[in-house]
>>> print(open('input.cif').read())   # mmCIF, N, CA and C atoms
data_entry
#
loop_
_atom_site.label_atom_id
_atom_site.label_comp_id
_atom_site.auth_asym_id
_atom_site.auth_seq_id
_atom_site.Cartn_x
_atom_site.Cartn_y
_atom_site.Cartn_z
N MET A 1 18.43 33.02 30.24
CA MET A 1 18.79 33.50 31.56
C MET A 1 18.56 32.43 32.62
N ALA A 2 17.54 31.62 32.41
CA ALA A 2 17.28 30.56 33.38
C ALA A 2 18.45 29.59 33.44
N ARG A 3 19.08 29.33 32.29
CA ARG A 3 20.22 28.42 32.27
C ARG A 3 21.38 28.94 33.12
N ALA A 4 21.45 30.24 33.32
CA ALA A 4 22.50 30.83 34.15
C ALA A 4 22.04 30.99 35.60
N LEU A 5 20.89 30.38 35.92
CA LEU A 5 20.30 30.45 37.26
C LEU A 5 20.08 31.89 37.71
N THR A 6 19.68 32.72 36.78
CA THR A 6 19.40 34.12 37.08
C THR A 6 18.08 34.23 37.83
N PRO A 7 18.07 34.89 38.98
CA PRO A 7 16.82 35.06 39.72
C PRO A 7 15.81 35.88 38.91
N ILE A 8 14.53 35.61 39.15
CA ILE A 8 13.47 36.30 38.41
C ILE A 8 13.59 37.82 38.57
N SER A 9 13.96 38.27 39.75
CA SER A 9 14.07 39.72 39.96
C SER A 9 15.15 40.32 39.05
N ASP A 10 16.25 39.62 38.87
CA ASP A 10 17.30 40.10 37.97
C ASP A 10 16.86 40.01 36.51
N MET A 11 16.17 38.92 36.17
CA MET A 11 15.66 38.79 34.80
C MET A 11 14.75 39.96 34.45
N ALA A 12 13.90 40.32 35.38
CA ALA A 12 12.96 41.42 35.14
C ALA A 12 13.72 42.72 34.84
N VAL A 13 14.76 42.99 35.60
CA VAL A 13 15.57 44.19 35.37
C VAL A 13 16.20 44.14 33.98
N LEU A 14 16.78 42.99 33.64
CA LEU A 14 17.43 42.85 32.35
C LEU A 14 16.45 42.95 31.18
N LEU A 15 15.21 42.53 31.42
CA LEU A 15 14.18 42.58 30.38
C LEU A 15 13.36 43.87 30.42
N ASP A 16 13.71 44.75 31.36
CA ASP A 16 13.02 46.04 31.52
C ASP A 16 11.51 45.85 31.72
N MET A 17 11.18 44.99 32.69
CA MET A 17 9.77 44.79 33.03
C MET A 17 9.68 44.58 34.54
N SER A 18 8.46 44.64 35.05
CA SER A 18 8.30 44.44 36.48
C SER A 18 8.36 42.94 36.79
N VAL A 19 8.67 42.64 38.03
CA VAL A 19 8.71 41.25 38.47
C VAL A 19 7.33 40.63 38.29
N GLY A 20 6.27 41.38 38.58
CA GLY A 20 4.91 40.88 38.42
C GLY A 20 4.60 40.52 36.98
N GLN A 21 5.03 41.35 36.05
CA GLN A 21 4.80 41.05 34.63
C GLN A 21 5.52 39.77 34.22
N LEU A 22 6.76 39.64 34.67
CA LEU A 22 7.53 38.46 34.32
C LEU A 22 6.93 37.21 34.95
N ARG A 23 6.52 37.32 36.22
CA ARG A 23 5.88 36.17 36.87
C ARG A 23 4.61 35.75 36.12
N ALA A 24 3.87 36.71 35.62
CA ALA A 24 2.66 36.39 34.85
C ALA A 24 3.02 35.64 33.57
N LEU A 25 4.09 36.07 32.91
CA LEU A 25 4.53 35.38 31.69
C LEU A 25 5.03 33.97 31.98
N LEU A 26 5.59 33.79 33.18
CA LEU A 26 6.17 32.50 33.54
C LEU A 26 5.22 31.63 34.36
N SER A 27 3.94 31.99 34.39
CA SER A 27 2.99 31.18 35.17
C SER A 27 2.92 29.78 34.60
N GLU A 28 2.47 28.85 35.42
CA GLU A 28 2.50 27.43 35.04
C GLU A 28 1.68 27.10 33.81
N ASP A 29 0.69 27.91 33.50
CA ASP A 29 -0.20 27.57 32.39
C ASP A 29 0.19 28.20 31.05
N THR A 30 1.37 28.82 30.99
CA THR A 30 1.82 29.41 29.73
C THR A 30 2.93 28.56 29.12
N PRO A 31 3.04 28.55 27.79
CA PRO A 31 4.13 27.80 27.16
C PRO A 31 5.51 28.28 27.64
N LEU A 32 5.67 29.58 27.82
CA LEU A 32 6.94 30.12 28.30
C LEU A 32 7.23 29.63 29.73
N GLY A 33 6.19 29.62 30.55
CA GLY A 33 6.36 29.14 31.93
C GLY A 33 6.74 27.67 31.98
N LYS A 34 6.12 26.87 31.11
CA LYS A 34 6.46 25.45 31.05
C LYS A 34 7.90 25.25 30.61
N GLU A 35 8.32 26.02 29.63
CA GLU A 35 9.71 25.92 29.15
C GLU A 35 10.69 26.37 30.23
N TYR A 36 10.35 27.42 30.96
CA TYR A 36 11.19 27.91 32.06
C TYR A 36 11.37 26.80 33.10
N ARG A 37 10.27 26.17 33.49
CA ARG A 37 10.34 25.11 34.49
C ARG A 37 11.11 23.89 33.97
N ARG A 38 10.94 23.57 32.70
CA ARG A 38 11.68 22.46 32.10
C ARG A 38 13.19 22.76 32.13
N THR A 39 13.56 23.99 31.80
CA THR A 39 14.97 24.39 31.81
C THR A 39 15.56 24.28 33.20
N ILE A 40 14.84 24.78 34.20
CA ILE A 40 15.32 24.70 35.58
C ILE A 40 15.47 23.24 36.01
N ALA A 41 14.51 22.39 35.62
CA ALA A 41 14.58 20.97 35.97
C ALA A 41 15.79 20.30 35.32
N GLU A 42 16.10 20.66 34.08
CA GLU A 42 17.26 20.10 33.40
C GLU A 42 18.56 20.51 34.09
N ILE A 43 18.64 21.76 34.49
CA ILE A 43 19.83 22.24 35.19
C ILE A 43 19.98 21.51 36.52
N ALA A 44 18.89 21.38 37.25
CA ALA A 44 18.93 20.69 38.54
C ALA A 44 19.38 19.24 38.35
N MET A 45 18.89 18.59 37.30
CA MET A 45 19.29 17.22 37.02
C MET A 45 20.79 17.14 36.74
N ASN A 46 21.31 18.08 35.98
CA ASN A 46 22.75 18.09 35.68
C ASN A 46 23.58 18.32 36.93
N VAL A 47 23.11 19.18 37.81
CA VAL A 47 23.81 19.42 39.08
C VAL A 47 23.83 18.14 39.91
N ARG A 48 22.67 17.45 39.96
CA ARG A 48 22.61 16.20 40.72
C ARG A 48 23.55 15.14 40.13
N LYS A 49 23.57 15.03 38.80
CA LYS A 49 24.48 14.07 38.16
C LYS A 49 25.93 14.38 38.52
N ASN A 50 26.28 15.65 38.49
CA ASN A 50 27.64 16.05 38.83
C ASN A 50 27.95 15.71 40.29
N ASP A 51 27.00 15.96 41.18
CA ASP A 51 27.21 15.63 42.60
C ASP A 51 27.39 14.12 42.78
N ILE A 52 26.64 13.31 42.04
CA ILE A 52 26.79 11.86 42.13
C ILE A 52 28.18 11.45 41.70
N GLU A 53 28.65 12.01 40.60
CA GLU A 53 30.00 11.69 40.13
C GLU A 53 31.06 12.10 41.16
N LEU A 54 30.90 13.27 41.73
CA LEU A 54 31.86 13.74 42.74
C LEU A 54 31.80 12.88 44.00
N ALA A 55 30.59 12.46 44.39
CA ALA A 55 30.44 11.59 45.56
C ALA A 55 31.13 10.25 45.32
N GLN A 56 30.98 9.72 44.11
CA GLN A 56 31.64 8.45 43.78
C GLN A 56 33.16 8.60 43.79
N ALA A 57 33.64 9.80 43.54
CA ALA A 57 35.08 10.06 43.56
C ALA A 57 35.59 10.37 44.97
N GLY A 58 34.66 10.43 45.95
CA GLY A 58 35.07 10.60 47.33
C GLY A 58 34.80 11.95 47.96
N SER A 59 34.08 12.83 47.30
CA SER A 59 33.81 14.15 47.87
C SER A 59 32.76 14.05 48.99
N PRO A 60 33.14 14.42 50.22
CA PRO A 60 32.18 14.34 51.33
C PRO A 60 31.01 15.31 51.16
N THR A 61 31.27 16.48 50.65
CA THR A 61 30.19 17.45 50.45
C THR A 61 29.21 16.95 49.41
N ALA A 62 29.72 16.42 48.31
CA ALA A 62 28.84 15.88 47.28
C ALA A 62 28.04 14.70 47.83
N SER A 63 28.65 13.89 48.67
CA SER A 63 27.94 12.76 49.28
C SER A 63 26.77 13.26 50.12
N GLU A 64 26.98 14.33 50.85
CA GLU A 64 25.89 14.91 51.65
C GLU A 64 24.76 15.39 50.74
N HIS A 65 25.12 16.00 49.62
CA HIS A 65 24.10 16.46 48.67
C HIS A 65 23.30 15.29 48.13
N VAL A 66 23.99 14.19 47.80
CA VAL A 66 23.31 13.02 47.26
C VAL A 66 22.33 12.45 48.28
N VAL A 67 22.73 12.41 49.54
CA VAL A 67 21.82 11.94 50.59
C VAL A 67 20.58 12.82 50.63
N THR A 68 20.75 14.11 50.51
CA THR A 68 19.62 15.05 50.50
C THR A 68 18.72 14.77 49.30
N TYR A 69 19.29 14.51 48.14
CA TYR A 69 18.49 14.20 46.95
C TYR A 69 17.69 12.93 47.17
N LEU A 70 18.33 11.91 47.76
CA LEU A 70 17.63 10.66 48.03
C LEU A 70 16.47 10.86 49.01
N GLU A 71 16.72 11.65 50.05
CA GLU A 71 15.67 11.93 51.01
C GLU A 71 14.47 12.61 50.34
N ARG A 72 14.77 13.51 49.41
CA ARG A 72 13.69 14.19 48.70
C ARG A 72 12.91 13.20 47.83
N ILE A 73 13.62 12.30 47.16
CA ILE A 73 12.94 11.31 46.33
C ILE A 73 11.99 10.49 47.18
N TYR A 74 12.46 10.02 48.33
CA TYR A 74 11.62 9.20 49.20
C TYR A 74 10.45 10.00 49.77
N SER A 75 10.68 11.26 50.09
CA SER A 75 9.59 12.07 50.64
C SER A 75 8.56 12.45 49.57
N ASP A 76 8.98 12.44 48.31
CA ASP A 76 8.03 12.71 47.21
C ASP A 76 7.14 11.52 46.93
N GLY A 77 7.42 10.38 47.56
CA GLY A 77 6.58 9.21 47.39
C GLY A 77 6.95 8.34 46.23
N LEU A 78 8.02 7.67 46.37
CA LEU A 78 8.52 6.75 45.34
C LEU A 78 7.51 5.70 44.95
#
>>> encode(input="input.cif", output="structure tokens")
Amino acid sequence: MARALTPISDMAVLLDMSVGQLRALLSEDTPLGKEYRRTIAEIAMNVRKNDIELAQAGSPTASEHVVTYLERIYSDGL
């Protein structure tokens, strides 16, 4: 579900559990939580790669996204 960018609230409904229960399962110190975060990071990386390709092809919107990504990299302390 994470690969489809499904919000946690929707995941909880689909899994027939409370949002609190799901958040507990996905906490940072659980193997499931680590895998969830890794999946989200992979998707974000793929989106950024796609935006870079579109920016190189001349998309102004993608170029704006790339600038935002660069700003984030610099603010994270390169």
>>> select_by_dssp(input="input.cif", residues="stretch 10-74 of chain A", states="helix (DSSP H, G or I)", output="PyMOL selection string")
chain A and resi 10-14+19-25+31-56+60-74
>>> residues_around(input="input.cif", residues="stretch 43-55 of chain A", least_positions_apart="2", cutoff="8 Å", atoms="only N, CA and C atoms", output="ChimeraX atom specification")
/A:2-3,37-41,57-66,69
>>> atom_distance(input="input.cif", atom1="atom C of A:Glu28", atom2="atom CA of A:Thr68")
27.3 Å
>>> atom_distance(input="input.cif", atom1="atom N of A:Ser75", atom2="atom C of A:Thr30")
28.3 Å
>>> atom_distance(input="input.cif", atom1="atom N of A:Ser9", atom2="atom N of A:Leu22")
8.9 Å
>>> residues_near_point(input="input.cif", point="(11.2, 35.7, 33.1)", cutoff="7 Å", atoms="all atoms listed in the file", output="tab-separated table (two decimals) with N, CA and C atoms, in the coordinates of the input")
chain	number	residue	atom	x	y	z
A	8	ILE	N	14.53	35.61	39.15
A	8	ILE	CA	13.47	36.30	38.41
A	8	ILE	C	13.59	37.82	38.57
A	11	MET	N	16.17	38.92	36.17
A	11	MET	CA	15.66	38.79	34.80
A	11	MET	C	14.75	39.96	34.45
A	12	ALA	N	13.90	40.32	35.38
A	12	ALA	CA	12.96	41.42	35.14
A	12	ALA	C	13.72	42.72	34.84
A	22	LEU	N	6.76	39.64	34.67
A	22	LEU	CA	7.53	38.46	34.32
A	22	LEU	C	6.93	37.21	34.95
A	23	ARG	N	6.52	37.32	36.22
A	23	ARG	CA	5.88	36.17	36.87
A	23	ARG	C	4.61	35.75	36.12
A	25	LEU	N	4.09	36.07	32.91
A	25	LEU	CA	4.53	35.38	31.69
A	25	LEU	C	5.03	33.97	31.98
A	26	LEU	N	5.59	33.79	33.18
A	26	LEU	CA	6.17	32.50	33.54
A	26	LEU	C	5.22	31.63	34.36
>>> axis_aligned_box(input="input.cif", around="stretch 64-67 of chain A", padding_each_side="3 Å", output="JSON")
{"center_x": 23.8, "center_y": 14.2, "center_z": 49.5, "size_x": 12.4, "size_y": 10.5, "size_z": 10.4}
